>>> print(open('data_30.cif').read())   # mmCIF, C-alpha atoms and all ligand atoms
data_final
#
loop_
_atom_site.label_atom_id
_atom_site.label_comp_id
_atom_site.auth_asym_id
_atom_site.auth_seq_id
_atom_site.Cartn_x
_atom_site.Cartn_y
_atom_site.Cartn_z
CA MET A 1 0.00 0.00 0.00
CA SER A 2 1.14 3.51 -0.68
CA ALA A 3 -0.38 6.90 0.03
CA PRO A 4 0.64 10.50 -0.49
CA GLN A 5 2.16 12.44 2.37
CA ILE A 6 1.59 16.18 2.17
CA LEU A 7 4.84 17.84 3.24
CA GLY A 8 3.96 21.50 2.84
CA THR A 9 1.20 23.81 1.68
CA GLY A 10 0.83 27.41 0.51
CA ARG A 11 -1.89 29.80 -0.55
CA CYS A 12 -2.29 33.12 -2.30
CA VAL A 13 -5.33 35.34 -2.88
CA PRO A 14 -5.53 38.60 -4.80
CA GLU A 15 -5.26 41.81 -2.81
CA ARG A 16 -8.66 43.19 -3.69
CA VAL A 17 -11.42 42.28 -1.21
CA VAL A 18 -15.00 42.58 -2.44
CA THR A 19 -17.60 42.66 0.33
CA ASN A 20 -21.27 41.76 0.06
CA ASP A 21 -22.07 45.40 0.78
CA GLU A 22 -20.00 46.43 -2.25
CA LEU A 23 -21.89 43.94 -4.47
CA GLY A 24 -25.13 45.34 -3.06
CA ARG A 25 -24.29 48.76 -4.51
CA THR A 26 -24.76 47.52 -8.08
CA LEU A 27 -26.97 44.46 -7.59
CA ASP A 28 -30.35 43.88 -5.97
CA THR A 29 -28.83 41.91 -3.08
CA SER A 30 -27.66 42.40 0.50
CA ASP A 31 -25.15 41.14 3.04
CA ALA A 32 -28.03 39.66 5.04
CA TRP A 33 -29.27 37.60 2.06
CA ILE A 34 -25.87 36.40 0.91
CA TYR A 35 -24.48 35.62 4.37
CA GLY A 36 -27.70 33.95 5.50
CA ARG A 37 -27.90 31.71 2.41
CA THR A 38 -24.18 30.92 2.02
CA GLY A 39 -22.01 31.97 4.98
CA ILE A 40 -20.03 34.28 2.66
CA HIS A 41 -19.23 37.87 3.72
CA SER A 42 -16.48 38.74 1.24
CA ARG A 43 -14.24 37.29 -1.47
CA HIS A 44 -11.09 38.29 -3.35
CA PHE A 45 -11.18 39.31 -7.02
CA CYS A 46 -8.11 39.69 -9.24
CA THR A 47 -7.31 43.11 -10.64
CA ALA A 48 -3.83 42.98 -12.18
CA GLU A 49 -2.99 39.45 -10.96
CA THR A 50 -3.29 36.43 -13.26
CA GLY A 51 -4.03 32.87 -12.24
CA ALA A 52 -0.38 32.00 -12.92
CA ASP A 53 0.70 34.76 -10.50
CA LEU A 54 -1.48 33.33 -7.72
CA ALA A 55 -0.41 29.76 -8.51
CA GLU A 56 3.29 30.68 -8.53
CA THR A 57 3.16 32.36 -5.10
CA ALA A 58 1.12 29.53 -3.56
CA ALA A 59 3.54 26.97 -5.06
CA ARG A 60 6.63 28.81 -3.77
CA ARG A 61 5.12 28.93 -0.28
CA ALA A 62 4.30 25.21 -0.40
CA MET A 63 7.83 24.32 -1.55
CA GLU A 64 9.31 26.48 1.20
CA ALA A 65 7.11 24.83 3.84
CA ALA A 66 8.02 21.38 2.50
CA GLU A 67 11.72 22.34 2.30
CA VAL A 68 12.06 21.08 -1.25
CA SER A 69 13.69 22.87 -4.16
CA PRO A 70 12.48 23.08 -7.79
CA GLY A 71 15.01 20.43 -8.80
CA ASP A 72 13.26 17.88 -6.52
CA ILE A 73 9.88 18.13 -8.29
CA GLY A 74 8.98 15.38 -10.76
CA VAL A 75 5.27 16.13 -11.29
CA CYS A 76 3.50 19.52 -11.46
CA LEU A 77 -0.28 19.52 -11.84
CA THR A 78 -2.62 22.47 -11.83
CA ALA A 79 -6.34 21.96 -11.22
CA THR A 80 -8.39 24.77 -12.70
CA CYS A 81 -11.55 25.47 -14.67
CA SER A 82 -10.66 29.14 -15.24
CA PRO A 83 -7.15 29.09 -16.75
CA ASP A 84 -5.49 32.28 -18.01
CA ARG A 85 -5.30 30.68 -21.46
CA ALA A 86 -6.57 27.45 -22.99
CA SER A 87 -2.93 26.72 -23.85
CA PRO A 88 -0.16 26.70 -22.71
CA SER A 89 -1.39 25.23 -19.45
CA THR A 90 -0.85 27.00 -16.13
CA ALA A 91 1.32 24.04 -15.07
CA CYS A 92 3.50 24.67 -18.11
CA THR A 93 3.87 28.34 -17.12
CA LEU A 94 4.79 27.22 -13.60
CA GLN A 95 7.56 24.99 -14.97
CA GLY A 96 9.27 28.05 -16.41
CA ARG A 97 8.59 30.45 -13.56
CA LEU A 98 9.64 28.03 -10.81
CA GLY A 99 12.55 26.60 -12.78
CA LEU A 100 11.33 22.99 -12.62
CA PRO A 101 13.45 20.46 -14.57
CA GLU A 102 12.36 20.06 -18.20
CA ASP A 103 11.42 16.41 -17.72
CA THR A 104 8.84 17.29 -15.05
CA VAL A 105 5.37 16.00 -15.97
CA CYS A 106 3.36 19.27 -16.21
CA PHE A 107 -0.30 19.61 -17.16
CA ASP A 108 -3.61 21.14 -16.09
CA LEU A 109 -6.67 19.12 -15.22
CA ASN A 110 -10.28 20.24 -14.96
CA ALA A 111 -12.52 18.50 -12.47
CA ALA A 112 -14.19 21.75 -11.40
CA CYS A 113 -14.42 22.15 -7.61
CA ALA A 114 -13.19 18.59 -7.03
CA GLY A 115 -10.06 19.33 -9.09
CA PHE A 116 -7.52 19.46 -6.27
CA LEU A 117 -8.45 15.98 -5.04
CA TYR A 118 -8.25 14.62 -8.60
CA GLY A 119 -4.87 16.32 -8.80
CA VAL A 120 -3.54 14.67 -5.62
CA HIS A 121 -4.76 11.26 -6.82
CA THR A 122 -3.19 11.70 -10.28
CA ALA A 123 0.09 13.10 -8.92
CA HIS A 124 0.39 10.21 -6.47
CA ALA A 125 -0.05 7.72 -9.33
CA LEU A 126 2.42 9.56 -11.58
CA LEU A 127 5.07 9.71 -8.86
CA ALA A 128 5.36 5.91 -9.08
CA ALA A 129 7.07 6.42 -12.45
CA SER A 130 8.84 9.68 -11.69
CA PRO A 131 12.61 10.13 -11.58
CA ARG A 132 12.17 12.50 -8.62
CA PRO A 133 10.14 11.94 -5.43
CA TYR A 134 8.06 15.10 -5.06
CA ALA A 135 4.92 16.41 -6.74
CA LEU A 136 3.48 19.89 -6.72
CA VAL A 137 -0.33 20.11 -6.96
CA VAL A 138 -1.95 23.54 -7.27
CA GLY A 139 -5.63 24.46 -7.31
CA VAL A 140 -6.11 27.91 -8.82
CA GLU A 141 -9.11 29.87 -10.08
CA VAL A 142 -9.83 33.33 -11.43
CA LEU A 143 -13.59 32.86 -11.48
CA SER A 144 -14.17 36.63 -11.39
CA ARG A 145 -13.42 36.77 -15.11
CA LEU A 146 -16.16 34.21 -15.83
CA LEU A 147 -18.85 35.84 -13.72
CA ASP A 148 -21.78 37.74 -15.13
CA ARG A 149 -21.64 40.67 -12.70
CA THR A 150 -25.31 41.40 -13.34
CA ASP A 151 -26.49 37.91 -12.29
CA ARG A 152 -27.14 37.94 -8.54
CA ASN A 153 -27.82 34.18 -8.58
CA THR A 154 -24.19 33.36 -9.31
CA CYS A 155 -21.85 36.33 -8.97
CA VAL A 156 -22.18 36.60 -5.18
CA LEU A 157 -20.95 33.04 -4.64
CA PHE A 158 -17.47 32.82 -6.13
CA GLY A 159 -13.98 34.17 -5.49
CA ASP A 160 -10.41 33.97 -6.82
CA GLY A 161 -7.42 32.29 -5.21
CA ALA A 162 -4.81 29.54 -5.26
CA GLY A 163 -3.75 26.79 -2.88
CA ALA A 164 -0.81 24.41 -3.33
CA ALA A 165 0.65 21.29 -1.78
CA VAL A 166 3.91 19.41 -2.13
CA LEU A 167 3.56 15.68 -1.68
CA ARG A 168 5.54 12.47 -1.94
CA ARG A 169 4.63 8.80 -2.03
CA ASP A 170 4.96 7.00 1.25
CA GLU A 171 4.97 3.23 0.84
CA GLY A 172 4.18 2.71 4.52
CA ARG A 173 0.90 4.66 4.51
CA GLN A 174 -2.59 3.83 3.44
CA TRP A 175 -5.43 6.03 2.29
CA HIS A 176 -8.87 5.61 0.75
CA THR A 177 -10.27 7.60 -2.13
CA LEU A 178 -13.47 7.78 -4.14
CA PHE A 179 -14.39 9.53 -7.35
CA GLY A 180 -17.74 10.14 -9.02
CA THR A 181 -19.18 11.58 -12.21
CA ARG A 182 -22.81 12.13 -13.19
CA ALA A 183 -22.99 13.92 -16.52
CA ASP A 184 -25.28 16.92 -16.14
CA GLY A 185 -24.81 19.98 -18.30
CA HIS A 186 -27.69 21.92 -16.76
CA ALA A 187 -27.27 22.12 -12.98
CA ILE A 188 -24.06 24.12 -13.28
CA TRP A 189 -21.96 24.92 -16.33
CA VAL A 190 -19.41 27.45 -17.45
CA GLN A 191 -19.46 29.10 -20.85
CA GLY A 192 -15.96 28.67 -22.31
CA PRO A 193 -14.20 30.63 -25.07
CA GLY A 194 -16.44 31.23 -28.06
CA PRO A 195 -18.94 33.67 -29.50
CA GLU A 196 -21.00 33.87 -26.31
CA ARG A 197 -20.06 35.92 -23.27
CA ALA A 198 -18.26 33.97 -20.54
CA ALA A 199 -20.53 33.22 -17.60
CA ILE A 200 -21.32 30.66 -14.92
CA HIS A 201 -24.84 29.26 -15.23
CA MET A 202 -26.46 27.48 -12.33
CA ASP A 203 -29.65 26.00 -11.00
CA GLY A 204 -28.84 26.71 -7.35
CA ARG A 205 -31.41 24.36 -5.87
CA ALA A 206 -30.37 21.42 -8.09
CA VAL A 207 -26.72 21.95 -7.14
CA PHE A 208 -27.64 22.20 -3.47
CA ARG A 209 -29.54 18.89 -3.62
CA PHE A 210 -26.65 17.19 -5.42
CA ALA A 211 -24.11 18.56 -2.92
CA ILE A 212 -25.90 17.44 0.21
CA GLU A 213 -26.46 13.99 -1.30
CA VAL A 214 -22.84 13.34 -2.33
CA VAL A 215 -21.11 14.95 0.65
CA GLU A 216 -22.93 12.85 3.20
CA ARG A 217 -22.71 9.65 1.14
CA SER A 218 -19.02 10.14 0.32
CA ILE A 219 -18.14 10.63 3.98
CA ARG A 220 -20.03 7.46 4.95
CA GLN A 221 -18.26 5.48 2.19
CA LEU A 222 -14.83 6.74 3.19
CA LEU A 223 -15.43 5.94 6.86
CA ASP A 224 -16.53 2.41 5.87
CA ALA A 225 -13.45 1.91 3.70
CA GLU A 226 -11.17 3.15 6.47
CA GLY A 227 -12.99 1.09 9.10
CA CYS A 228 -13.41 4.00 11.49
CA THR A 229 -16.12 6.28 12.83
CA LEU A 230 -16.47 10.01 12.27
CA ASP A 231 -15.40 10.46 15.87
CA GLN A 232 -12.00 9.03 14.96
CA VAL A 233 -11.46 11.66 12.26
CA ASP A 234 -9.64 14.79 13.41
CA LEU A 235 -10.80 17.18 10.70
CA VAL A 236 -13.23 17.16 7.78
CA VAL A 237 -12.35 19.60 5.01
CA CYS A 238 -15.11 19.88 2.41
CA HIS A 239 -15.14 22.09 -0.66
CA GLN A 240 -16.09 25.52 0.67
CA ALA A 241 -19.12 26.27 -1.51
CA ASN A 242 -21.70 27.05 1.09
CA GLN A 243 -21.96 26.96 4.88
CA ARG A 244 -25.41 25.36 4.75
CA ILE A 245 -24.15 22.39 2.70
CA ILE A 246 -21.38 21.70 5.24
CA ASP A 247 -23.64 22.26 8.27
CA HIS A 248 -26.24 19.89 6.80
CA ALA A 249 -23.67 17.08 6.42
CA ALA A 250 -22.17 17.75 9.86
CA LYS A 251 -25.59 17.54 11.49
CA LYS A 252 -26.71 14.41 9.60
CA LEU A 253 -23.47 12.64 10.53
CA GLY A 254 -23.46 13.76 14.16
CA ALA A 255 -20.19 15.69 13.93
CA ARG A 256 -18.70 17.42 16.93
CA GLU A 257 -18.48 21.21 17.06
CA GLY A 258 -15.70 22.54 14.80
CA GLN A 259 -14.92 19.13 13.24
CA PHE A 260 -16.02 20.36 9.79
CA PHE A 261 -13.77 23.26 8.85
CA LYS A 262 -15.31 26.37 7.25
CA ASN A 263 -13.65 29.45 5.82
CA MET A 264 -15.93 30.49 2.96
CA GLU A 265 -16.79 33.62 4.95
CA THR A 266 -13.77 35.52 3.60
CA TYR A 267 -13.02 33.59 0.39
CA GLY A 268 -16.33 32.68 -1.21
CA ASN A 269 -16.29 29.57 -3.38
CA THR A 270 -12.83 29.35 -4.97
CA SER A 271 -13.59 26.04 -6.74
CA ALA A 272 -10.43 23.93 -7.19
CA ALA A 273 -8.52 26.24 -4.83
CA SER A 274 -10.86 25.92 -1.87
CA ILE A 275 -9.58 22.67 -0.32
CA PRO A 276 -5.84 23.48 -0.57
CA ILE A 277 -6.48 27.01 0.75
CA ALA A 278 -8.35 25.47 3.70
CA LEU A 279 -5.59 22.89 4.32
CA ASP A 280 -2.99 25.65 4.27
CA GLU A 281 -4.93 27.79 6.75
CA LEU A 282 -5.27 24.80 9.06
CA ALA A 283 -1.62 23.79 8.73
CA ARG A 284 -0.26 27.28 9.33
CA SER A 285 -2.53 27.91 12.30
CA GLY A 286 -1.31 24.70 13.93
CA ALA A 287 -4.78 23.12 13.86
CA LEU A 288 -3.52 20.43 11.47
CA ARG A 289 -0.66 18.42 12.93
CA PRO A 290 1.35 15.40 11.72
CA GLY A 291 -0.44 12.12 12.33
CA MET A 292 -3.95 13.58 12.26
CA ARG A 293 -6.62 11.75 10.28
CA VAL A 294 -8.15 14.07 7.69
CA LEU A 295 -11.16 13.54 5.43
CA CYS A 296 -11.71 15.75 2.35
CA VAL A 297 -14.69 15.90 -0.03
CA GLY A 298 -14.95 18.02 -3.18
CA PHE A 299 -17.95 18.43 -5.48
CA GLY A 300 -18.98 20.63 -8.35
CA ALA A 301 -19.72 21.06 -12.03
CA GLY A 302 -19.72 17.91 -14.11
CA LEU A 303 -21.33 16.83 -11.97
CA THR A 304 -18.14 15.60 -10.36
CA TRP A 305 -17.12 14.64 -6.86
CA ALA A 306 -14.17 13.15 -5.01
CA GLY A 307 -13.19 12.20 -1.51
CA MET A 308 -10.16 11.00 0.40
CA ILE A 309 -9.29 9.99 3.92
CA PHE A 310 -5.61 10.10 4.80
CA GLN A 311 -3.06 10.82 7.47
CA TRP A 312 -1.53 14.32 7.63
C1 LIG A 401 -27.60 29.72 -4.70
C2 LIG A 401 -28.39 29.53 -3.40
C3 LIG A 401 -27.63 30.24 -2.26
C4 LIG A 401 -29.77 30.14 -3.56
O1 LIG A 401 -30.52 29.94 -2.38
P1 LIG A 401 -32.04 29.41 -2.47
O2 LIG A 401 -32.54 29.40 -1.10
O3 LIG A 401 -31.98 28.12 -3.22
O4 LIG A 401 -32.71 30.55 -3.28
P2 LIG A 401 -33.50 30.48 -4.67
O5 LIG A 401 -32.55 30.22 -5.80
O6 LIG A 401 -34.63 29.56 -4.52
O7 LIG A 401 -34.00 31.96 -4.77
C5 LIG A 401 -34.87 32.49 -3.79
C6 LIG A 401 -35.09 33.93 -4.13
O8 LIG A 401 -33.89 34.67 -3.85
C7 LIG A 401 -33.54 35.45 -4.99
N1 LIG A 401 -32.10 35.61 -5.05
C8 LIG A 401 -31.19 34.85 -5.69
N2 LIG A 401 -29.95 35.35 -5.51
C9 LIG A 401 -30.09 36.44 -4.72
C10 LIG A 401 -29.17 37.36 -4.19
N3 LIG A 401 -27.86 37.28 -4.42
N4 LIG A 401 -29.65 38.35 -3.41
C11 LIG A 401 -30.99 38.47 -3.15
N5 LIG A 401 -31.89 37.61 -3.64
C12 LIG A 401 -31.46 36.61 -4.42
C13 LIG A 401 -34.10 34.68 -6.15
O9 LIG A 401 -34.25 35.51 -7.28
C14 LIG A 401 -35.40 34.18 -5.61
O10 LIG A 401 -36.33 35.22 -5.67
P3 LIG A 401 -37.87 34.90 -6.04
O11 LIG A 401 -38.35 34.01 -4.94
O12 LIG A 401 -38.47 36.26 -6.03
O13 LIG A 401 -37.82 34.23 -7.38
C15 LIG A 401 -28.55 28.03 -3.04
O14 LIG A 401 -29.42 27.41 -3.94
C16 LIG A 401 -27.24 27.31 -3.06
O15 LIG A 401 -26.40 27.53 -2.22
N6 LIG A 401 -27.04 26.38 -4.05
C17 LIG A 401 -25.77 25.71 -4.20
C18 LIG A 401 -24.90 26.60 -5.03
C19 LIG A 401 -23.47 26.14 -5.04
O16 LIG A 401 -22.92 25.85 -4.01
N7 LIG A 401 -22.84 26.16 -6.23
C20 LIG A 401 -21.50 25.82 -6.41
C21 LIG A 401 -21.30 24.36 -6.24
S1 LIG A 401 -19.63 23.95 -6.51
#
>>> encode(input="data_30.cif", output="structure tokens")
Amino acid sequence: MSAPQILGTGRCVPERVVTNDELGRTLDTSDAWIYGRTGIHSRHFCTAETGADLAETAARRAMEAAEVSPGDIGVCLTATCSPDRASPSTACTLQGRLGLPEDTVCFDLNAACAGFLYGVHTAHALLAASPRPYALVVGVEVLSRLLDRTDRNTCVLFGDGAGAAVLRRDEGRQWHTLFGTRADGHAIWVQGPGPERAAIHMDGRAVFRFAIEVVERSIRQLLDAEGCTLDQVDLVVCHQANQRIIDHAAKKLGAREGQFFKNMETYGNTSAASIPIALDELARSGALRPGMRVLCVGFGAGLTWAGMIFQW
């Protein structure tokens, strides 16, 4: 058995903070509505920064925390559904900016808000055939450039940011993962490059129903696979889409106070970046310590979901 060990994390968000009150100046919405429905007070939006800028800073911080240098990295994956360009990939840009060796496996993957967990799974598999022992996995989004700023149903929910992790394969560890896909182009979809204006389209209620179904079920499946109870899990880190989705799962599963981490209040939904940003906050605050048992679940457009239970 082999599992990834996360050795260091990093995060980076754009400087500009956009509060609910600011959105309420141009939209028919309010802090009370947004916070009450989602748990979000503010988010960061890029101004001059690009996704590659955010990803580079998060990656440098993760490498510093892990005490690895660019020459140690054998795999570099970027999870994103809002890349700066369709091609070259953000991972390719990172190879140049970070000075990773030319034979590093570098590519972007798109699994929407579950992207970081798909990235960790893929990087762990690729490391088995890598000449060097470390992988860099970055979740990065600049969703502000895809938002229709006149659509109050969607534009209040999302934010920009990047989170990164450096990991290696540890042959002495075990972990359990699950992945799911249910093709649905209506509940939530993003207009890509083309003649139509970029925008995120969403049936909020359908996405909410999907999320509460898969989060609870995924956690139960992972606990079964691991052979433990929720009580024996130190921290649950779900995709930070909405406070009500997380609170619903925590209540249904009988979680203890604070066991399900939440930080969407100041980030909004940063899609593929939300789980690594959360892990980095927890690691740097000292709440996440070596040996802890962590359970992560991501879900989003696709519909796509993923979960993993592992040791920090
Ligand atoms: C989006 C979401 C917060 C909407 O909450 P809801 O309780 O389902 O609200 P509804 O969509 O039914 O809308 C209720 C009313 O609020 C209005 N409304 C929608 N957005 C609003 C906003 N930002 N401010 C004020 N009112 C708003 C609607 O127009 C509707 O008005 P109406 O009753 O006059 O038609 C909720 O459905 C949700 O969280 N869904 C999951 C979204 C998600 O997490 N997506 C990303 C997944 S990765």
>>> atom_distance(input="data_30.cif", atom1="atom O6 of ligand LIG 401 (chain A)", atom2="atom CA of A:Gly180")
26.1 Å
>>> closest_atom_pairs(input="data_30.cif", of="chain A", to="ligand LIG 401 (chain A)", cutoff="9 Å", atoms="all atoms listed in the file", output="CSV")
residue,atom,partner,partner_atom,distance
A:Leu23,CA,A:LIG401,N3,8.9
A:Gly24,CA,A:LIG401,N4,8.3
A:Leu27,CA,A:LIG401,N4,7.9
A:Asp28,CA,A:LIG401,N4,6.1
A:Thr29,CA,A:LIG401,N4,3.7
A:Ser30,CA,A:LIG401,N4,6.0
A:Asp31,CA,A:LIG401,N4,8.3
A:Ala32,CA,A:LIG401,N4,8.7
A:Trp33,CA,A:LIG401,N4,5.5
A:Ile34,CA,A:LIG401,N3,5.8
A:Gly36,CA,A:LIG401,C3,8.6
A:Arg37,CA,A:LIG401,C3,4.9
A:Thr38,CA,A:LIG401,C3,5.5
A:Ala112,CA,A:LIG401,S1,7.6
A:Cys113,CA,A:LIG401,S1,5.6
A:Ala114,CA,A:LIG401,S1,8.4
A:Asp151,CA,A:LIG401,N3,8.0
A:Arg152,CA,A:LIG401,N3,4.2
A:Asn153,CA,A:LIG401,N2,3.9
A:Thr154,CA,A:LIG401,C1,6.8
A:Cys155,CA,A:LIG401,N3,7.6
A:Val156,CA,A:LIG401,N3,5.8
A:Leu157,CA,A:LIG401,N7,7.3
A:Phe158,CA,A:LIG401,C20,8.1
A:Ile188,CA,A:LIG401,N7,7.4
A:Met202,CA,A:LIG401,N7,7.2
A:Asp203,CA,A:LIG401,O14,7.2
A:Gly204,CA,A:LIG401,O14,3.5
A:Arg205,CA,A:LIG401,O14,4.1
A:Ala206,CA,A:LIG401,N6,7.2
A:Val207,CA,A:LIG401,C17,4.9
A:Phe208,CA,A:LIG401,C17,4.0
A:Arg209,CA,A:LIG401,C17,7.8
A:Phe210,CA,A:LIG401,C17,8.7
A:Ala211,CA,A:LIG401,C21,7.2
A:His239,CA,A:LIG401,S1,7.6
A:Gln240,CA,A:LIG401,S1,8.2
A:Ala241,CA,A:LIG401,O16,4.6
A:Asn242,CA,A:LIG401,O16,5.4
A:Gln243,CA,A:LIG401,O15,8.4
A:Arg244,CA,A:LIG401,O15,7.4
A:Ile245,CA,A:LIG401,O15,7.5
A:Asn269,CA,A:LIG401,C20,7.1
A:Thr270,CA,A:LIG401,S1,8.8
A:Ser271,CA,A:LIG401,S1,6.4
A:Gly298,CA,A:LIG401,S1,8.3
A:Phe299,CA,A:LIG401,S1,5.9
A:Gly300,CA,A:LIG401,S1,3.9
A:Ala301,CA,A:LIG401,S1,6.2
>>> residues_around(input="data_30.cif", residues="stretch 76-92 of chain A", least_positions_apart="3", cutoff="7 Å", atoms="all atoms listed in the file", output="list in words")
Thr50, Gly51, Ala52, Gln95, Gly96, Thr104, Val105, Cys106, Phe107, Asp108, Leu109, Asn110, Ala112, Gly115, Phe116, Gly119, Ala135, Leu136, Val137, Val138, Gly139, Val140, Glu141, Val142, Leu143 and Ala272 of chain A
>>> residues_around(input="data_30.cif", residues="A:Ala65", least_positions_apart="5", cutoff="8 Å", atoms="all atoms listed in the file", output="list in words")
Leu7, Gly8, Thr9 and Gly10 of chain A
>>> axis_aligned_box(input="data_30.cif", around="stretch 105-122 of chain A", padding_each_side="3 Å", output="lines of an AutoDock Vina configuration file")
center_x = -4.5
center_y = 16.7
center_z = -11.1
size_x = 25.8
size_y = 16.9
size_z = 18.1
>>> closest_residue(input="data_30.cif", among="A:Met308, A:Ala162, A:Met63, A:Met1", to="A:Pro276", atoms="all atoms listed in the file")
A:Ala162
>>> residues_around(input="data_30.cif", residues="A:Leu295", least_positions_apart="5", cutoff="7 Å", atoms="only C-alpha atoms", output="list in words")
Leu235, Val236, Val237, Met308, Ile309 and Phe310 of chain A
>>> atom_distance(input="data_30.cif", atom1="atom CA of A:Ala249", atom2="atom CA of A:Leu282")
20.1 Å
>>> residues_around(input="data_30.cif", residues="A:Trp312", least_positions_apart="6", cutoff="8 Å", atoms="all atoms listed in the file", output="PDB file with C-alpha atoms, keeping the file's coordinate frame")
ATOM      1  CA  GLN A   5       2.160  12.440   2.370  1.00  0.00           C
ATOM      2  CA  ILE A   6       1.590  16.180   2.170  1.00  0.00           C
ATOM      3  CA  LEU A 288      -3.520  20.430  11.470  1.00  0.00           C
ATOM      4  CA  ARG A 289      -0.660  18.420  12.930  1.00  0.00           C
ATOM      5  CA  PRO A 290       1.350  15.400  11.720  1.00  0.00           C
ATOM      6  CA  GLY A 291      -0.440  12.120  12.330  1.00  0.00           C
ATOM      7  CA  MET A 292      -3.950  13.580  12.260  1.00  0.00           C
ATOM      8  CA  ARG A 293      -6.620  11.750  10.280  1.00  0.00           C
ATOM      9  CA  VAL A 294      -8.150  14.070   7.690  1.00  0.00           C
TER      10      VAL A 294
END
>>> atom_distance(input="data_30.cif", atom1="atom CA of A:Val13", atom2="atom CA of A:Gly161")
4.4 Å
>>> closest_residue(input="data_30.cif", among="A:Thr122, A:Ala129, A:Arg16, A:Leu167", to="A:Asp72", atoms="all atoms listed in the file")
A:Leu167
>>> closest_residue(input="data_30.cif", among="A:Gly286, A:Gly227, A:Pro70, A:Gly99", to="A:His176", atoms="all atoms listed in the file")
A:Gly227
>>> decode(input="data_30.cif", residues="stretch 78-123 of chain A", atoms="C-alpha atoms", output="tab-separated table (two decimals), in the first residue's frame")
chain	number	residue	atom	x	y	z
A	78	THR	CA	-2.62	22.47	-11.83
A	79	ALA	CA	-6.34	21.96	-11.22
A	80	THR	CA	-8.39	24.77	-12.70
A	81	CYS	CA	-11.55	25.47	-14.67
A	82	SER	CA	-10.66	29.14	-15.24
A	83	PRO	CA	-7.15	29.09	-16.75
A	84	ASP	CA	-5.49	32.28	-18.01
A	85	ARG	CA	-5.30	30.68	-21.46
A	86	ALA	CA	-6.57	27.45	-22.99
A	87	SER	CA	-2.93	26.72	-23.85
A	88	PRO	CA	-0.16	26.70	-22.71
A	89	SER	CA	-1.39	25.23	-19.45
A	90	THR	CA	-0.85	27.00	-16.13
A	91	ALA	CA	1.32	24.04	-15.07
A	92	CYS	CA	3.50	24.67	-18.11
A	93	THR	CA	3.87	28.34	-17.12
A	94	LEU	CA	4.79	27.22	-13.60
A	95	GLN	CA	7.56	24.99	-14.97
A	96	GLY	CA	9.27	28.05	-16.41
A	97	ARG	CA	8.59	30.45	-13.56
A	98	LEU	CA	9.64	28.03	-10.81
A	99	GLY	CA	12.55	26.60	-12.78
A	100	LEU	CA	11.33	22.99	-12.62
A	101	PRO	CA	13.45	20.46	-14.57
A	102	GLU	CA	12.36	20.06	-18.20
A	103	ASP	CA	11.42	16.41	-17.72
A	104	THR	CA	8.84	17.29	-15.05
A	105	VAL	CA	5.37	16.00	-15.97
A	106	CYS	CA	3.36	19.27	-16.21
A	107	PHE	CA	-0.30	19.61	-17.16
A	108	ASP	CA	-3.61	21.14	-16.09
A	109	LEU	CA	-6.67	19.12	-15.22
A	110	ASN	CA	-10.28	20.24	-14.96
A	111	ALA	CA	-12.52	18.50	-12.47
A	112	ALA	CA	-14.19	21.75	-11.40
A	113	CYS	CA	-14.42	22.15	-7.61
A	114	ALA	CA	-13.19	18.59	-7.03
A	115	GLY	CA	-10.06	19.33	-9.09
A	116	PHE	CA	-7.52	19.46	-6.27
A	117	LEU	CA	-8.45	15.98	-5.04
A	118	TYR	CA	-8.25	14.62	-8.60
A	119	GLY	CA	-4.87	16.32	-8.80
A	120	VAL	CA	-3.54	14.67	-5.62
A	121	HIS	CA	-4.76	11.26	-6.82
A	122	THR	CA	-3.19	11.70	-10.28
A	123	ALA	CA	0.09	13.10	-8.92
